[in-house]
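Below is one structure; the comments refer to it alone.
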Amino acid sequence: MPLIARLLRRSFPRLRVLAGALMAALVLPACAQTPQMSTPLPPSVTQALARVGVPASALSVLVVSADASAHERLRHRAEVSVNPASVMKLVTTYAAIDLLGPDFTWSTRFLTDGRVDNGVLRGNLYVSGGGDPKLVLERLQAAFIALQDQGVRVILGDLVLDHSAFEVPDTDPGAFDGEALRPYNAAPDALLVNFKSVVLTFQPDPATGTARVLSEPPLANLAVDTSVPLAKGACGDWRGGLQARFDDADSIRFSGRFPQSCGQRVWPVAYQQPASYAARALEGLWRATGGALTGQVRTGATPLGARLLHDARSLPLSDIITDVNQWSNNVMAQQVFLTLGRLSPTHVMTESRLSDRLAPMRSARFERSRDIMASWWRRTFGTRISPPVLDNGAGLSRIERITPEALAQLLQHAARHPQADRFVQSLAVAGYSGTTARMAQSPNSAARGNAWLKTGTLRDVTGIAGYVNALNGARYVVIGFVNHPNAPAARPALDALVEWTAAQTD
């Protein structure tokens, strides 16, 4: 490795990803496959590109048999390293299936350093986060009810929140795209409560001339306006018309109106002070379920001698990656990616049992996850194809890179995996589910119900990848990316690629 790259990696940890991306760009021609001859693009694809002014040179495509024969049906710039956007979640979720197994679960533990006596916990209650990607309100309420069934109704101490399983740097939630209030920009957290979001529901009441405003969860010390005046006219930009104010961490206010014609609407927003969200939500939920608390809610470490009161297990990994892949949930993908960083690096290169690969005391960091992923890639695929350049594993990044060739190799490997069905079923079905529900709506569509796909979109990226069953009885791996300033407008070209593949008869 050149001296400048070694210095970057050693002296500036935050720049390690940038150094990795630079090195990948430098070494790509040496470790990629020898470029093969391109095949002509289907007319439906080129026509869709031409309609939006995107040149074919911005498109990378590979259509290849899903089985071991690796018969290529279509190739166009497949050796080029591209930004895959959320399609990168395929790499993270397949690595998780392979390394953790589909039945893996996360643990959120409730412990104490005191004793329970006649409905009173004389001591602190510790909530130790284990990285659960979907610790939503219903599951927290169930955990609190389980504690109360054990006699913990009044806490004569503090509620202490332990986030130490993940070491994640503080970030500006609006730094990526300026959308700080979008839930998809929530940062990962070992104790990720309800995606750090507030769900606002607006219910018009013509009799009073107002819309009722409901909010959940009940955040401690957060005041939310309970009504907003109704307005006449079309629904239109109803969110903008509310003139919502999120500038105060202790309140959510509305100075505008809500159109009556909208009917009931739901608006999930990322809480404006994410660092305090877990504390506010857990205190509010504890009190809402009938619990009492005499102390404060604070962040802290769980003492070694703390006694376990309740272990709240997450949904299994197979369910988690279905949410990640079908709905492109960014923060859940990052939770999975960080969890991989908790694996023992000395065992990832082997086929050892999961219990031998786990390192319970190892905290998660993005750089550790990247190292684990690099080791896993070498063990699984060797060095013939360039490995992906990973940042956070979710595709919500400007520097993540992969070639269609590398992704095709992963999808072919996944198709032969013992858990292939679990992985394929985590993908969205064209015309029916997830981010592909609106695809293949033509009555004559061959792809409808016959394509299992992951989509991805950024400001200058659109992509699609997955499996397509064709009319000829074959299953194909289909990959297409557009990296171009007008990339999102080129989505119909990728839809046409999927349709063309599904329609193959010979």
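Lettering and numbering for the structure tokens are positional, with chains as A, B, ... in the shown order, residues counted from 1 in each chain, and ligands counted from 1 in the shown order.
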
Could you tell me, as a VMD selection string, which residues of region 461-502 of chain A DSSP assigns to strand (DSSP E or B) when given the backbone?
chain A and resid 461 to 469 475 to 483

Would you mind exporting N, CA and C atoms of the selected residues as a short mmCIF file (atom, residue, chain, number, x, y, z; two decimals), in the first residue's frame?
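Everything below was put into part28.cif:
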data_model
loop_
_atom_site.label_atom_id
_atom_site.label_comp_id
_atom_site.auth_asym_id
_atom_site.auth_seq_id
_atom_site.Cartn_x
_atom_site.Cartn_y
_atom_site.Cartn_z
N VAL A 461 -28.11 8.99 -8.47
CA VAL A 461 -27.97 7.55 -8.62
C VAL A 461 -29.34 6.91 -8.66
N THR A 462 -29.51 5.94 -9.54
CA THR A 462 -30.65 5.03 -9.46
C THR A 462 -30.16 3.64 -9.80
N GLY A 463 -30.67 2.65 -9.09
CA GLY A 463 -30.19 1.30 -9.30
C GLY A 463 -31.24 0.27 -8.98
N ILE A 464 -31.00 -0.93 -9.48
CA ILE A 464 -31.89 -2.05 -9.20
C ILE A 464 -31.09 -3.34 -9.33
N ALA A 465 -31.38 -4.31 -8.48
CA ALA A 465 -30.67 -5.58 -8.54
C ALA A 465 -31.49 -6.65 -7.86
N GLY A 466 -31.35 -7.88 -8.35
CA GLY A 466 -32.06 -8.99 -7.74
C GLY A 466 -32.20 -10.15 -8.70
N TYR A 467 -33.32 -10.87 -8.57
CA TYR A 467 -33.56 -12.09 -9.34
C TYR A 467 -34.84 -11.95 -10.17
N VAL A 468 -34.79 -12.48 -11.39
CA VAL A 468 -35.95 -12.45 -12.27
C VAL A 468 -36.16 -13.84 -12.86
N ASN A 469 -37.37 -14.35 -12.75
CA ASN A 469 -37.76 -15.60 -13.40
C ASN A 469 -38.31 -15.27 -14.78
N ARG A 475 -33.84 -18.60 -14.19
CA ARG A 475 -33.76 -17.49 -13.23
C ARG A 475 -32.48 -16.72 -13.50
N TYR A 476 -32.62 -15.41 -13.60
CA TYR A 476 -31.48 -14.54 -13.89
C TYR A 476 -31.19 -13.60 -12.73
N VAL A 477 -29.91 -13.30 -12.57
CA VAL A 477 -29.49 -12.18 -11.74
C VAL A 477 -29.50 -10.95 -12.64
N VAL A 478 -30.19 -9.91 -12.22
CA VAL A 478 -30.33 -8.68 -13.01
C VAL A 478 -29.79 -7.51 -12.20
N ILE A 479 -28.89 -6.76 -12.82
CA ILE A 479 -28.28 -5.61 -12.14
C ILE A 479 -28.22 -4.45 -13.10
N GLY A 480 -28.67 -3.29 -12.66
CA GLY A 480 -28.58 -2.10 -13.48
C GLY A 480 -28.39 -0.86 -12.63
N PHE A 481 -27.46 0.00 -13.02
CA PHE A 481 -27.20 1.25 -12.30
C PHE A 481 -27.07 2.39 -13.29
N VAL A 482 -27.59 3.55 -12.90
CA VAL A 482 -27.35 4.79 -13.63
C VAL A 482 -26.72 5.77 -12.65
N ASN A 483 -25.53 6.24 -12.97
CA ASN A 483 -24.86 7.30 -12.21
C ASN A 483 -24.79 8.52 -13.12
#

Ile252 (chain A) environment, 9 Å, only C-alpha atoms, sequence neighbours closer than 3 positions dropped, as a VMD selection string
chain A and resid 222 to 225 244 to 249

With C-alpha atoms kept, could you save the residues just selected as a PDB file, in the first residue's frame?
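Saved as out.pdb:
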ATOM      1  CA  LEU A 222     -42.513  17.511  25.007  1.00  0.00           C
ATOM      2  CA  ALA A 223     -45.581  19.693  24.397  1.00  0.00           C
ATOM      3  CA  VAL A 224     -47.359  19.143  21.069  1.00  0.00           C
ATOM      4  CA  ASP A 225     -50.226  21.317  19.836  1.00  0.00           C
ATOM      5  CA  ALA A 244     -44.805  23.343  11.717  1.00  0.00           C
ATOM      6  CA  ARG A 245     -42.137  24.594  14.098  1.00  0.00           C
ATOM      7  CA  PHE A 246     -39.519  22.135  15.322  1.00  0.00           C
ATOM      8  CA  ASP A 247     -36.983  24.682  16.577  1.00  0.00           C
ATOM      9  CA  ASP A 248     -37.633  23.967  20.284  1.00  0.00           C
ATOM     10  CA  ALA A 249     -36.735  20.539  21.680  1.00  0.00           C
TER      11      ALA A 249
END

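Using only C-alpha atoms, the residues found no farther than 10 Å from Thr302 (chain A), other than those of its own chain fewer than 4 positions away, are Phe110, Leu111, Thr112, Asp113, Asn124, Leu125, Tyr126, Val127, Ser128, Val160, Leu161, Asp162, His163, Ser164, Ala306 and Arg307 of chain A.
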
Pull N, CA and C atoms from the residues just selected and write them as a PDB file, in the first residue's frame.
ATOM      1  N   PHE A 110     -32.873  -5.507  30.734  1.00  0.00           N
ATOM      2  CA  PHE A 110     -33.316  -4.650  31.829  1.00  0.00           C
ATOM      3  C   PHE A 110     -32.740  -5.251  33.116  1.00  0.00           C
ATOM      4  N   LEU A 111     -31.896  -4.479  33.789  1.00  0.00           N
ATOM      5  CA  LEU A 111     -31.172  -4.988  34.955  1.00  0.00           C
ATOM      6  C   LEU A 111     -31.296  -4.018  36.121  1.00  0.00           C
ATOM      7  N   THR A 112     -30.894  -4.472  37.306  1.00  0.00           N
ATOM      8  CA  THR A 112     -30.936  -3.596  38.476  1.00  0.00           C
ATOM      9  C   THR A 112     -29.766  -3.876  39.404  1.00  0.00           C
ATOM     10  N   ASP A 113     -29.418  -2.855  40.165  1.00  0.00           N
ATOM     11  CA  ASP A 113     -28.419  -3.007  41.230  1.00  0.00           C
ATOM     12  C   ASP A 113     -29.099  -2.984  42.599  1.00  0.00           C
ATOM     13  N   ASN A 124     -31.554   1.337  40.988  1.00  0.00           N
ATOM     14  CA  ASN A 124     -31.668   1.837  39.618  1.00  0.00           C
ATOM     15  C   ASN A 124     -32.139   0.730  38.681  1.00  0.00           C
ATOM     16  N   LEU A 125     -32.843   1.134  37.632  1.00  0.00           N
ATOM     17  CA  LEU A 125     -33.192   0.220  36.552  1.00  0.00           C
ATOM     18  C   LEU A 125     -32.323   0.588  35.351  1.00  0.00           C
ATOM     19  N   TYR A 126     -31.540  -0.383  34.888  1.00  0.00           N
ATOM     20  CA  TYR A 126     -30.640  -0.170  33.747  1.00  0.00           C
ATOM     21  C   TYR A 126     -31.261  -0.791  32.492  1.00  0.00           C
ATOM     22  N   VAL A 127     -31.258  -0.027  31.413  1.00  0.00           N
ATOM     23  CA  VAL A 127     -31.719  -0.528  30.119  1.00  0.00           C
ATOM     24  C   VAL A 127     -30.499  -0.564  29.207  1.00  0.00           C
ATOM     25  N   SER A 128     -30.027  -1.788  28.936  1.00  0.00           N
ATOM     26  CA  SER A 128     -28.792  -1.977  28.176  1.00  0.00           C
ATOM     27  C   SER A 128     -29.129  -2.348  26.743  1.00  0.00           C
ATOM     28  N   VAL A 160     -31.487   4.265  33.996  1.00  0.00           N
ATOM     29  CA  VAL A 160     -30.168   4.485  33.395  1.00  0.00           C
ATOM     30  C   VAL A 160     -30.103   3.789  32.043  1.00  0.00           C
ATOM     31  N   LEU A 161     -29.798   4.547  31.001  1.00  0.00           N
ATOM     32  CA  LEU A 161     -29.782   4.030  29.639  1.00  0.00           C
ATOM     33  C   LEU A 161     -28.342   3.789  29.188  1.00  0.00           C
ATOM     34  N   ASP A 162     -28.069   2.556  28.791  1.00  0.00           N
ATOM     35  CA  ASP A 162     -26.712   2.141  28.417  1.00  0.00           C
ATOM     36  C   ASP A 162     -26.643   1.964  26.900  1.00  0.00           C
ATOM     37  N   HIS A 163     -25.946   2.885  26.228  1.00  0.00           N
ATOM     38  CA  HIS A 163     -25.789   2.863  24.771  1.00  0.00           C
ATOM     39  C   HIS A 163     -24.419   2.334  24.357  1.00  0.00           C
ATOM     40  N   SER A 164     -23.648   1.791  25.276  1.00  0.00           N
ATOM     41  CA  SER A 164     -22.226   1.553  25.038  1.00  0.00           C
ATOM     42  C   SER A 164     -21.913   0.433  24.056  1.00  0.00           C
ATOM     43  N   ALA A 306     -24.848  -6.120  38.095  1.00  0.00           N
ATOM     44  CA  ALA A 306     -26.296  -5.887  37.979  1.00  0.00           C
ATOM     45  C   ALA A 306     -27.030  -7.196  37.689  1.00  0.00           C
ATOM     46  N   ARG A 307     -28.213  -7.313  38.261  1.00  0.00           N
ATOM     47  CA  ARG A 307     -29.009  -8.538  38.132  1.00  0.00           C
ATOM     48  C   ARG A 307     -30.042  -8.369  37.015  1.00  0.00           C
TER      49      ARG A 307
END

Counting only C-alpha atoms, the residue of A:Gly101, A:Thr226, A:Gly290, A:Pro206 that sits nearest Gln260 (chain A)
A:Pro206

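When the distance limit is 10 Å and only C-alpha atoms are what count, the residues near Thr455 (chain A), minus those fewer than 2 positions from it on the same chain, are A:Pro84, A:Ala85, A:Ser86, A:Val87, A:Met88, A:Lys89, A:Leu90, A:Asn325, A:Gln326, A:Trp327, A:Ser328, A:Leu427, A:Ala428, A:Gly434, A:Thr435, A:Thr436, A:Leu453, A:Thr457, A:Thr462, A:Gly463, A:Ile464, A:Ala465, A:Gly466, A:Gly480, A:Phe481, A:Arg491, A:Leu494.
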
As a PyMOL selection string, please: the residues near Met373 (chain A) (cut-off 12 Å, only C-alpha atoms, same-chain neighbours under 3 positions excluded).
chain A and resi 91-96+98-99+336-345+348-349+366-370+376-381+387-393

Would you mind reading off the distance between CA of Asp250 (chain A) and CA of Ala281 (chain A), one decimal, in Å?
12.8 Å

Which of region 233-438 of chain A fall in helix (DSSP H, G or I), as a ChimeraX atom specification:
/A:238-242,260-262,274-288,317-327,330-340,345-348,354-357,366-381,404-415,420-424,434-436

Length of the CA of Glu72 (chain A) to CA of Ser386 (chain A) vector [Å]
18.9 Å
